[in-house]
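Colleague: My structure is in upload.txt, and what it holds is compact mmCIF, C-alpha atoms and all ligand atoms:
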```txt
# COMPACT_ATOMS: atom_id res chain seq x y z
CA MET A 1 -16.57 -21.51 0.85
CA GLN A 2 -13.79 -24.06 1.39
CA ASN A 3 -10.61 -23.45 -0.58
CA ASN A 4 -7.97 -25.92 0.35
CA ASN A 5 -5.62 -24.36 -2.16
CA LEU A 6 -5.96 -20.89 -0.68
CA LEU A 7 -3.86 -21.60 2.39
CA SER A 8 -1.25 -23.73 0.61
CA ARG A 9 -0.95 -21.10 -2.12
CA PHE A 10 -0.42 -18.34 0.40
CA LEU A 11 2.16 -20.38 2.33
CA GLY A 12 3.96 -21.06 -0.94
CA TYR A 13 4.16 -17.36 -1.85
CA VAL A 14 5.48 -16.22 1.54
CA GLY A 15 8.41 -18.58 0.97
CA PHE A 16 9.72 -16.16 -1.66
CA ASP A 17 11.81 -13.32 -0.24
CA THR A 18 10.46 -10.35 -2.20
CA GLN A 19 11.43 -7.46 0.05
CA SER A 20 11.82 -4.27 -1.98
CA LYS A 21 14.93 -2.10 -1.56
CA PRO A 22 14.22 1.58 -0.96
CA SER A 23 17.47 2.79 -2.56
CA ALA A 24 16.76 0.99 -5.83
CA LYS A 25 16.71 2.88 -9.11
CA HIS A 26 15.37 -0.02 -11.17
CA SER A 27 12.49 -2.38 -10.79
CA PRO A 28 12.36 -5.14 -9.70
CA SER A 29 14.53 -3.99 -6.82
CA SER A 30 15.12 -7.56 -5.62
CA ALA A 31 15.67 -10.85 -7.44
CA GLY A 32 13.03 -12.67 -5.41
CA GLN A 33 10.28 -10.61 -7.02
CA MET A 34 11.21 -11.92 -10.46
CA LYS A 35 11.27 -15.48 -9.11
CA LEU A 36 7.80 -15.09 -7.68
CA ALA A 37 6.61 -13.42 -10.90
CA GLU A 38 7.80 -16.40 -12.93
CA ALA A 39 6.15 -18.88 -10.56
CA LEU A 40 2.88 -16.94 -10.84
CA GLN A 41 3.18 -16.95 -14.62
CA GLN A 42 3.29 -20.76 -14.58
CA GLU A 43 0.32 -20.89 -12.26
CA LEU A 44 -1.76 -18.53 -14.43
CA LEU A 45 -0.95 -20.64 -17.49
CA ALA A 46 -2.01 -23.78 -15.64
CA LEU A 47 -5.29 -22.07 -14.70
CA GLY A 48 -5.96 -21.49 -18.40
CA LEU A 49 -5.46 -17.71 -18.60
CA GLN A 50 -4.44 -16.06 -21.85
CA ASP A 51 -1.76 -13.51 -22.78
CA VAL A 52 0.20 -14.45 -19.68
CA LYS A 53 3.30 -12.25 -19.61
CA VAL A 54 6.12 -11.30 -17.31
CA SER A 55 7.84 -8.06 -18.31
CA LYS A 56 11.53 -7.47 -17.69
CA HIS A 57 10.43 -5.37 -14.73
CA ALA A 58 8.59 -8.37 -13.21
CA VAL A 59 5.10 -7.09 -13.96
CA VAL A 60 2.85 -10.14 -14.44
CA THR A 61 -0.25 -9.67 -16.61
CA ALA A 62 -2.89 -12.10 -17.81
CA TYR A 63 -6.32 -12.15 -19.38
CA LEU A 64 -9.39 -14.32 -18.92
CA PRO A 65 -12.11 -13.58 -21.51
CA ALA A 66 -15.75 -13.53 -20.43
CA ASN A 67 -17.60 -16.83 -20.75
CA ARG A 68 -21.06 -15.30 -21.15
CA PRO A 69 -21.86 -12.77 -23.91
CA GLU A 70 -24.02 -10.65 -21.61
CA LEU A 71 -21.12 -10.03 -19.21
CA LYS A 72 -19.42 -7.31 -21.22
CA ARG A 73 -17.37 -5.49 -18.64
CA THR A 74 -13.65 -5.84 -18.14
CA ILE A 75 -12.56 -5.73 -14.53
CA GLY A 76 -8.90 -5.59 -13.48
CA LEU A 77 -7.58 -7.35 -10.38
CA ILE A 78 -4.23 -6.17 -9.02
CA ALA A 79 -1.93 -7.18 -6.18
CA HIS A 80 1.74 -6.52 -5.50
CA LEU A 81 4.63 -8.96 -5.33
CA ASP A 82 6.96 -7.14 -2.98
CA THR A 83 7.01 -6.83 0.80
CA SER A 84 7.91 -3.79 2.89
CA PRO A 85 11.53 -2.65 3.24
CA GLN A 86 10.75 -1.87 6.89
CA CYS A 87 10.93 -5.48 8.05
CA SER A 88 12.77 -8.57 6.79
CA GLY A 89 10.86 -10.97 4.57
CA LYS A 90 13.65 -13.54 4.35
CA ASN A 91 13.09 -17.13 5.45
CA VAL A 92 9.55 -16.48 6.64
CA GLN A 93 8.41 -19.25 8.98
CA ALA A 94 4.65 -19.08 8.88
CA GLU A 95 2.66 -20.64 11.69
CA VAL A 96 -0.97 -21.61 11.35
CA ILE A 97 -3.07 -21.24 14.50
CA GLU A 98 -6.32 -23.09 14.14
CA ASN A 99 -9.34 -21.99 16.13
CA TYR A 100 -7.72 -19.00 17.87
CA ARG A 101 -8.95 -19.02 21.45
CA GLY A 102 -8.23 -15.40 22.30
CA GLY A 103 -5.39 -13.99 24.41
CA ASP A 104 -1.74 -13.50 23.56
CA ILE A 105 -0.20 -15.23 20.57
CA ALA A 106 3.46 -16.15 21.14
CA LEU A 107 5.53 -15.93 17.98
CA GLY A 108 8.27 -18.50 17.39
CA VAL A 109 10.21 -19.13 20.59
CA GLY A 110 8.01 -16.55 22.27
CA GLU A 111 10.11 -13.43 22.70
CA GLU A 112 7.70 -11.56 20.45
CA PHE A 113 4.00 -11.85 20.98
CA ILE A 114 0.80 -10.35 19.65
CA SER A 115 -1.62 -9.28 22.35
CA PRO A 116 -5.24 -8.16 22.18
CA VAL A 117 -4.25 -5.49 24.72
CA TYR A 118 -2.39 -3.70 21.93
CA TYR A 119 -4.46 -5.05 19.07
CA PRO A 120 -8.11 -5.11 20.18
CA PHE A 121 -9.20 -6.31 16.72
CA LEU A 122 -7.99 -9.78 17.83
CA HIS A 123 -11.17 -10.13 19.90
CA GLN A 124 -13.13 -10.27 16.65
CA LEU A 125 -10.96 -13.09 15.31
CA VAL A 126 -11.65 -15.62 18.07
CA GLY A 127 -12.47 -19.00 16.56
CA GLN A 128 -10.75 -18.20 13.27
CA THR A 129 -7.62 -19.71 11.73
CA LEU A 130 -4.80 -17.17 12.00
CA ILE A 131 -1.49 -17.20 10.19
CA VAL A 132 1.49 -15.45 11.78
CA ALA A 133 5.27 -15.39 11.33
CA ASP A 134 7.80 -16.52 13.96
CA GLY A 135 8.76 -13.11 15.33
CA ASN A 136 11.85 -12.68 13.14
CA THR A 137 10.21 -11.44 9.94
CA LEU A 138 7.02 -9.98 8.62
CA LEU A 139 4.52 -12.50 7.25
CA GLY A 140 3.98 -11.05 3.79
CA ALA A 141 0.17 -11.09 3.83
CA ASP A 142 0.74 -7.59 2.41
CA ASN A 143 0.28 -8.43 -0.38
CA LYS A 144 0.69 -12.16 -0.93
CA ALA A 145 -2.72 -12.72 0.65
CA GLY A 146 -4.11 -10.60 -2.20
CA ILE A 147 -2.26 -12.66 -4.80
CA ALA A 148 -3.48 -15.93 -3.26
CA GLU A 149 -7.04 -14.61 -3.16
CA ILE A 150 -7.04 -13.55 -6.81
CA MET A 151 -5.50 -16.88 -7.89
CA THR A 152 -7.99 -18.89 -5.86
CA ALA A 153 -10.91 -16.90 -7.24
CA LEU A 154 -9.66 -17.60 -10.77
CA GLU A 155 -9.35 -21.30 -9.93
CA ILE A 156 -12.92 -21.44 -8.63
CA LEU A 157 -14.30 -19.61 -11.68
CA GLN A 158 -12.46 -21.98 -14.01
CA LYS A 159 -13.11 -25.22 -12.16
CA ASP A 160 -16.80 -24.63 -11.62
CA ASN A 161 -17.25 -22.88 -14.98
CA LEU A 162 -18.99 -19.99 -13.23
CA PRO A 163 -20.16 -17.09 -15.40
CA HIS A 164 -17.78 -14.11 -15.32
CA CYS A 165 -16.97 -10.93 -17.21
CA HIS A 166 -13.63 -10.22 -18.90
CA ILE A 167 -10.91 -10.26 -16.27
CA ARG A 168 -7.44 -8.76 -16.44
CA VAL A 169 -4.96 -9.68 -13.76
CA ALA A 170 -1.76 -7.86 -12.82
CA PHE A 171 0.83 -8.59 -10.16
CA THR A 172 3.16 -5.63 -9.75
CA PRO A 173 6.67 -5.22 -8.26
CA ASP A 174 7.97 -2.59 -5.84
CA GLU A 175 4.67 -1.14 -4.66
CA GLU A 176 6.14 -0.44 -1.23
CA ILE A 177 8.77 1.89 -2.65
CA GLY A 178 6.39 3.44 -5.20
CA LEU A 179 8.61 2.38 -8.07
CA GLY A 180 7.01 -0.60 -9.81
CA ILE A 181 3.84 1.12 -10.96
CA GLN A 182 5.89 3.28 -13.35
CA TYR A 183 6.35 0.15 -15.43
CA PHE A 184 2.68 -0.79 -15.45
CA PRO A 185 1.64 -1.57 -19.05
CA LEU A 186 -1.60 0.39 -18.91
CA GLU A 187 -2.02 0.32 -22.70
CA ASP A 188 -2.11 -3.51 -22.58
CA PHE A 189 -4.51 -3.51 -19.66
CA PRO A 190 -7.78 -2.11 -21.00
CA CYS A 191 -10.35 -2.26 -18.19
CA ASP A 192 -13.55 -0.46 -17.30
CA TRP A 193 -12.09 -0.22 -13.84
CA ALA A 194 -9.86 -2.28 -11.56
CA TYR A 195 -9.36 -3.17 -7.90
CA THR A 196 -6.24 -3.60 -5.86
CA ILE A 197 -6.75 -6.41 -3.36
CA ASP A 198 -4.44 -4.88 -0.78
CA GLY A 199 -6.53 -3.68 2.17
CA GLY A 200 -6.88 -4.89 5.74
CA ALA A 201 -9.87 -6.09 7.75
CA VAL A 202 -12.88 -7.80 6.15
CA GLY A 203 -15.24 -5.23 4.65
CA GLU A 204 -12.67 -2.50 3.95
CA LEU A 205 -13.33 -0.66 0.72
CA GLU A 206 -11.08 2.30 0.02
CA TYR A 207 -11.27 4.80 -2.80
CA GLU A 208 -10.00 8.00 -1.27
CA ASN A 209 -6.40 8.59 -0.37
CA PHE A 210 -4.08 11.43 0.49
CA ASN A 211 -2.79 13.97 -1.95
CA ALA A 212 0.91 13.68 -1.30
CA ALA A 213 4.00 15.80 -1.80
CA LEU A 214 7.56 15.77 -0.51
CA ALA A 215 9.24 18.98 0.65
CA LYS A 216 12.99 19.15 0.93
CA VAL A 217 14.46 21.97 3.00
CA ILE A 218 18.17 22.78 2.88
CA ILE A 219 19.60 25.21 5.41
CA HIS A 220 23.10 26.57 5.02
CA GLY A 221 25.13 27.61 8.04
CA ARG A 222 28.69 28.65 8.60
CA ALA A 223 30.98 26.50 10.73
CA ILE A 224 33.83 27.99 12.75
CA HIS A 225 35.69 26.99 15.91
CA PRO A 226 33.16 27.48 18.75
CA GLY A 227 35.80 29.39 20.74
CA PHE A 228 35.92 32.16 18.14
CA ALA A 229 32.36 31.92 16.91
CA LYS A 230 30.83 35.13 18.23
CA GLY A 231 29.28 37.07 15.41
CA LYS A 232 30.59 34.61 12.87
CA MET A 233 29.01 31.19 13.30
CA VAL A 234 25.68 30.45 11.69
CA ASN A 235 24.43 27.16 13.13
CA ALA A 236 22.26 25.41 10.55
CA LEU A 237 21.02 22.97 13.23
CA THR A 238 19.65 25.80 15.38
CA LEU A 239 18.04 27.37 12.34
CA ALA A 240 16.46 24.04 11.40
CA CYS A 241 14.89 23.74 14.85
CA ALA A 242 13.50 27.25 14.48
CA PHE A 243 12.11 26.39 11.05
CA GLN A 244 10.37 23.32 12.44
CA GLN A 245 8.88 25.40 15.28
CA GLY A 246 7.07 27.52 12.70
CA LEU A 247 4.90 24.64 11.51
CA PRO A 248 1.49 23.95 13.07
CA ALA A 249 2.32 21.67 16.01
CA GLN A 250 -1.03 19.88 15.99
CA GLU A 251 -0.92 18.93 12.32
CA VAL A 252 1.36 15.91 12.55
CA PRO A 253 0.66 12.21 11.93
CA GLU A 254 0.75 11.32 15.63
CA LEU A 255 -2.08 13.77 16.39
CA THR A 256 -4.32 13.32 13.34
CA GLU A 257 -6.66 10.68 11.96
CA GLY A 258 -9.53 10.14 9.52
CA LYS A 259 -9.39 12.79 6.82
CA GLU A 260 -7.11 15.22 8.68
CA GLY A 261 -3.96 16.23 6.85
CA PHE A 262 -0.49 16.92 8.21
CA PHE A 263 3.12 18.01 7.79
CA HIS A 264 5.47 15.22 8.80
CA LEU A 265 9.17 15.78 9.43
CA ASP A 266 10.29 12.39 8.16
CA TYR A 267 14.04 12.82 7.94
CA PHE A 268 16.51 15.30 9.43
CA SER A 269 20.26 15.25 9.07
CA GLY A 270 23.15 17.62 9.10
CA ASP A 271 25.68 19.61 11.06
CA VAL A 272 26.51 23.26 11.76
CA GLU A 273 27.37 23.85 8.12
CA ARG A 274 24.36 22.28 6.41
CA VAL A 275 21.06 20.66 7.32
CA GLU A 276 18.64 18.75 5.18
CA MET A 277 15.04 18.16 6.25
CA HIS A 278 12.44 16.07 4.42
CA TYR A 279 8.77 16.70 5.03
CA LEU A 280 5.79 14.67 3.89
CA ILE A 281 2.82 16.87 3.06
CA ARG A 282 -0.52 15.08 3.12
CA ASP A 283 -4.15 16.11 2.71
CA PHE A 284 -7.31 14.52 1.28
CA ASP A 285 -8.75 17.79 0.08
CA ALA A 286 -7.01 19.19 -3.00
CA GLU A 287 -7.49 22.82 -1.93
CA ALA A 288 -6.23 22.21 1.58
CA PHE A 289 -3.31 20.31 0.09
CA ASN A 290 -2.36 23.27 -2.09
CA ALA A 291 -2.78 25.58 0.90
CA ARG A 292 -0.25 23.44 2.81
CA LYS A 293 2.27 23.83 0.02
CA THR A 294 1.68 27.58 -0.09
CA PHE A 295 2.03 27.76 3.69
CA LEU A 296 5.48 26.14 3.50
CA GLN A 297 6.58 28.46 0.72
CA ASN A 298 5.43 31.52 2.66
CA TRP A 299 7.08 30.33 5.84
CA ALA A 300 10.33 29.69 3.98
CA ALA A 301 10.24 33.20 2.52
CA GLU A 302 9.48 34.76 5.88
CA PHE A 303 12.19 32.68 7.54
CA ASN A 304 14.75 33.92 5.03
CA HIS A 305 13.62 37.47 5.68
CA GLN A 306 13.70 37.12 9.49
CA HIS A 307 17.15 35.58 9.62
CA LYS A 308 18.71 37.62 6.84
CA LEU A 309 20.60 34.57 5.71
CA ARG A 310 23.50 35.21 3.41
CA LYS A 311 22.73 31.97 1.67
CA PRO A 312 18.94 31.57 1.86
CA LEU A 313 17.12 28.49 2.95
CA GLU A 314 16.16 26.34 -0.03
CA LEU A 315 12.76 24.71 -0.36
CA GLN A 316 11.90 22.18 -3.05
CA ILE A 317 8.41 20.71 -3.21
CA SER A 318 7.63 17.77 -5.44
CA ASP A 319 4.21 16.20 -5.91
CA ASN A 320 4.04 12.50 -5.24
CA TYR A 321 0.52 11.15 -5.79
CA ARG A 322 -3.04 12.42 -5.84
CA ASN A 323 -6.30 11.47 -4.21
CA MET A 324 -7.78 8.75 -6.43
CA TYR A 325 -11.29 9.95 -5.66
CA ASP A 326 -11.04 12.56 -8.44
CA CYS A 327 -10.96 9.63 -10.87
CA VAL A 328 -13.17 7.13 -9.01
CA GLU A 329 -16.08 9.54 -8.71
CA LYS A 330 -16.40 9.43 -12.50
CA VAL A 331 -16.85 5.65 -12.35
CA PRO A 332 -19.31 5.18 -9.48
CA GLN A 333 -20.05 1.61 -10.63
CA ALA A 334 -16.61 0.61 -9.35
CA ILE A 335 -17.83 1.28 -5.82
CA GLU A 336 -21.40 0.06 -6.35
CA VAL A 337 -20.25 -3.28 -7.75
CA ALA A 338 -17.80 -3.77 -4.86
CA ASP A 339 -20.54 -2.91 -2.36
CA ARG A 340 -22.91 -5.44 -3.96
CA ALA A 341 -20.21 -8.12 -4.09
CA MET A 342 -19.55 -7.67 -0.38
CA ARG A 343 -23.21 -7.67 0.63
CA LYS A 344 -23.75 -10.84 -1.39
CA ALA A 345 -20.95 -12.40 0.68
CA GLY A 346 -22.72 -11.32 3.87
CA ILE A 347 -20.30 -8.46 4.56
CA THR A 348 -21.19 -4.88 5.46
CA PRO A 349 -18.88 -2.68 3.39
CA ASN A 350 -16.75 -0.32 5.44
CA HIS A 351 -15.78 2.70 3.34
CA GLN A 352 -12.48 3.99 4.66
CA PRO A 353 -10.15 6.78 3.58
CA ILE A 354 -6.58 5.54 3.08
CA ARG A 355 -4.05 7.55 5.06
CA GLY A 356 -1.40 6.74 2.51
CA GLY A 357 -1.19 5.91 -1.16
CA THR A 358 -1.68 2.77 -3.19
CA ASP A 359 -0.76 1.63 -6.65
CA GLY A 360 -4.40 2.49 -7.35
CA ALA A 361 -3.66 6.18 -6.73
CA PHE A 362 -1.05 6.17 -9.49
CA LEU A 363 -3.36 4.28 -11.86
CA ALA A 364 -6.21 6.69 -11.09
CA GLU A 365 -3.96 9.58 -12.08
CA LYS A 366 -3.62 7.91 -15.47
CA GLY A 367 -7.39 7.46 -15.71
CA LEU A 368 -7.98 3.91 -14.42
CA ALA A 369 -10.31 3.96 -11.41
CA CYS A 370 -8.92 1.48 -8.93
CA PRO A 371 -10.46 1.18 -5.45
CA ASN A 372 -8.83 -1.03 -2.84
CA ILE A 373 -10.48 -4.12 -1.31
CA PHE A 374 -9.62 -5.93 1.92
CA THR A 375 -7.36 -8.99 2.15
CA GLY A 376 -8.17 -10.08 5.71
CA GLY A 377 -4.68 -9.11 6.92
CA TYR A 378 -3.54 -6.91 9.83
CA ASN A 379 -0.42 -5.17 11.18
CA PHE A 380 1.26 -4.83 7.80
CA HIS A 381 5.00 -4.00 7.60
CA SER A 382 5.63 -5.57 10.98
CA LYS A 383 6.75 -8.74 12.72
CA HIS A 384 3.25 -8.73 14.19
CA GLU A 385 1.62 -9.09 10.80
CA LEU A 386 -1.13 -11.68 10.63
CA VAL A 387 -3.92 -12.82 8.38
CA SER A 388 -7.15 -14.66 9.03
CA LEU A 389 -7.93 -17.59 6.75
CA GLN A 390 -11.65 -16.91 7.05
CA GLY A 391 -10.97 -13.29 6.05
CA MET A 392 -9.05 -14.50 3.03
CA GLU A 393 -11.91 -16.82 2.08
CA LYS A 394 -14.27 -13.84 2.26
CA ALA A 395 -11.99 -11.88 -0.07
CA VAL A 396 -12.08 -14.78 -2.55
CA GLU A 397 -15.86 -14.82 -2.37
CA VAL A 398 -16.02 -11.06 -2.96
CA ILE A 399 -13.74 -11.35 -6.01
CA VAL A 400 -15.88 -14.15 -7.45
CA ASN A 401 -19.00 -12.01 -6.86
CA LEU A 402 -17.40 -8.92 -8.44
CA VAL A 403 -16.79 -10.53 -11.78
CA GLN A 404 -20.25 -12.11 -11.84
CA ASP A 405 -22.06 -8.83 -11.18
CA GLN A 406 -24.71 -8.13 -13.80
CA GLU A 407 -26.75 -5.23 -12.48
CA MET A 408 -26.03 -1.93 -14.12
ZN ZN B 501 0.31 -3.62 0.20
```
Can you turn what I pasted into structure tokens?
Ligand SMILES: [Zn+2]
Modeller:
Amino acid sequence: MQNNNLLSRFLGYVGFDTQSKPSAKHSPSSAGQMKLAEALQQELLALGLQDVKVSKHAVVTAYLPANRPELKRTIGLIAHLDTSPQCSGKNVQAEVIENYRGGDIALGVGEEFISPVYYPFLHQLVGQTLIVADGNTLLGADNKAGIAEIMTALEILQKDNLPHCHIRVAFTPDEEIGLGIQYFPLEDFPCDWAYTIDGGAVGELEYENFNAALAKVIIHGRAIHPGFAKGKMVNALTLACAFQQGLPAQEVPELTEGKEGFFHLDYFSGDVERVEMHYLIRDFDAEAFNARKTFLQNWAAEFNHQHKLRKPLELQISDNYRNMYDCVEKVPQAIEVADRAMRKAGITPNHQPIRGGTDGAFLAEKGLACPNIFTGGYNFHSKHELVSLQGMEKAVEVIVNLVQDQEM
């Protein structure tokens, strides 16, 4: 499938600086997201979609009614506008490498490079057209590749008058900081199920993700001049180290993979007087997830008992998101249709658990099954981010196949 507009679209979108700001209280967290949202609104109107809206929170929604009476389903297609706060997305200078010959790819003036030694997946991309940034910024394939793919699929359906079911489209802000989805107008987005187009390598199909919670630990000490400290000082830093030692040392992100869960000490700050520690708790299995939370509570209680702290250690656990599989398993067609759409495009589906969360996880919690489909991109949230044009074309083909699916 040749889509000349796919590449130019993508290159247009990465020109918008839409980096989300982690400290933000309101969405959109950056002005660039609204600018991109408005540009996408114009494009959706030009493609002939209906009910094209941009909310004050920069959520773009649109509707394309089915053009055949027998195609009764409504399928949602979702991608996010923002890019990761972890790496600049300002003044992205995309470079197109045609017919990648293998070996290192120098970025920009060449101080940064992408090597198959570190990224063995590059061997599979030999001969393809790769798009990279210049080493100063991320590329923004996460998730502008997804937006470009959805738009191009819509263009193909419209131009060639291909049969398709009802389609609802949404482009959402602030996915990377987990904020934008709160403003998702679910009541105006009635779908049988939806897909986020926000995955990685060709073939990826994801519908299971972590159950996630955040644990905040506050340890109170007592500061006093070290010269007169005997019997008086309580060093919160020492206590914090002891608390950390009580957690299972093997159950950390750097030693786990697949469906293994973990405790992750993500943030640690303080002094003798007071320490704050933030842990991420993650597990695919709901029971194991609850057991992790109970473990922390028990350890906190025991710790308080052991150390006879005058002011006890405080532990606050807050749930973040849940494994979307609880919802998706009730709508197995969402996976079957995606599988068929991929096979029709000559792709072997690769069912992967997501070691993270997606907007789909939040939507699933509200009852909308929303698996995640590949974009053809790699190394997200990094200066080494890249996307394959052939991978993007495959994603377009899969989207076109999805909305044409007729088998029940
Ligand atoms: Zn993403």
Colleague: Counting only C-alpha atoms and all ligand atoms, name the residues that have an atom within 9 Å of an atom of ligand ZN 501 (chain B); the answer should be given as a list of chain:residue names.
Modeller: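 Here is the list of contacting residues: A:Ala79, A:His80, A:Leu81, A:Asp82, A:Thr83, A:Ser84, A:Ala141, A:Asp142, A:Asn143, A:Lys144, A:Gly146, A:Glu175, A:Glu176, A:Thr196, A:Ile197, A:Asp198, A:Gly199, A:Thr358, A:Asp359, A:Phe380, A:His381.
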Colleague: Near A:Ser23, counting all atoms listed in the file, which residues have an atom at most 12 Å away, once you skip same-chain residues fewer than 2 positions from it, shown as a PyMOL selection string?
Modeller: chain A and resi 20-21+25-30+85+174+176-179
Colleague: Do you have the atom CA of A:Cys327-atom CA of A:Gly367 distance handy?
Modeller: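 We find that atom CA of A:Cys327 and atom CA of A:Gly367 lie 6.4 Å from each other.
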Colleague: Which is closest to A:Leu402 among A:Phe263, A:Phe10, A:Phe243, A:Tyr195, if we use all atoms listed in the file?
Modeller: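 Comparing A:Phe263, A:Phe10, A:Phe243, A:Tyr195 against A:Leu402, the winner is A:Tyr195.
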Colleague: Given 4 Å of margin on each side, can you work out the centre and size in Å (one decimal) of an axis-aligned box holding every listed atom of stretch 8-23 of chain A, as lines of an AutoDock Vina configuration file?
Modeller:
```
center_x = 8.1
center_y = -10.5
center_z = -0.1
size_x = 26.7
size_y = 34.5
size_z = 12.9
```
Colleague: Let me make sure I understand: among A:Ala300, A:Ala148, A:Leu255, A:Ile373, which one has the smallest atom-to-atom distance to A:Leu6 if we use only C-alpha atoms?
Modeller: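 Checking each candidate against A:Leu6, we get A:Ala148 as the closest.
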Colleague: What gap, in Å, lies between atom CA of A:Val337 and atom CA of A:Tyr13?
Modeller: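 Between atom CA of A:Val337 and atom CA of A:Tyr13 the gap is 28.8 Å.
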Colleague: Skip A:Ile167 itself and residues of its chain fewer than 2 positions away, then list as a list of chain:residue names all residues within 7 Å of it, counting all atoms listed in the file.
Modeller: A:Tyr63, A:Leu64, A:Pro65, A:Thr74, A:Ile75, A:Gly76, A:Cys165, A:Val169
Colleague: Ranking A:Asn372, A:Asn136, A:Gln41, A:Asn5 by minimum distance to A:Glu155 and counting only C-alpha atoms, which one comes first?
Modeller: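 Of all the options, A:Asn5 lies closest to A:Glu155.
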Colleague: So, counting all atoms listed in the file, which residue among A:Val109, A:Leu138, A:Ala37, A:Val387 is closest to A:Gln86?
Modeller: A:Leu138
Colleague: At what distance in Å, to one decimal, does atom CA of A:Thr294 lie from atom CA of A:Glu329?
Modeller: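 These two atoms are separated by 26.7 Å.
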Colleague: Between A:Gly261, A:Gly89, A:Gly102, A:Pro353, which one has atoms that come closest to A:Gln19, using only C-alpha atoms?
Modeller: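 Using only C-alpha atoms, the shortest distance to A:Gln19 belongs to A:Gly89.
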Colleague: Just checking: using only C-alpha atoms, which residue out of A:Pro371, A:Gly221, A:Gly377, A:Pro253 ends up closest to A:Arg310?
Modeller: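 Smallest separation from A:Arg310 among the options: A:Gly221.
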Colleague: Give me the residues near A:Val272 as a ChimeraX atom specification, where near means some atom within 9 Å (using all atoms listed in the file) and where sequence neighbours in that chain fewer than 4 positions away do not count.
Modeller: /A:220-224,233-238
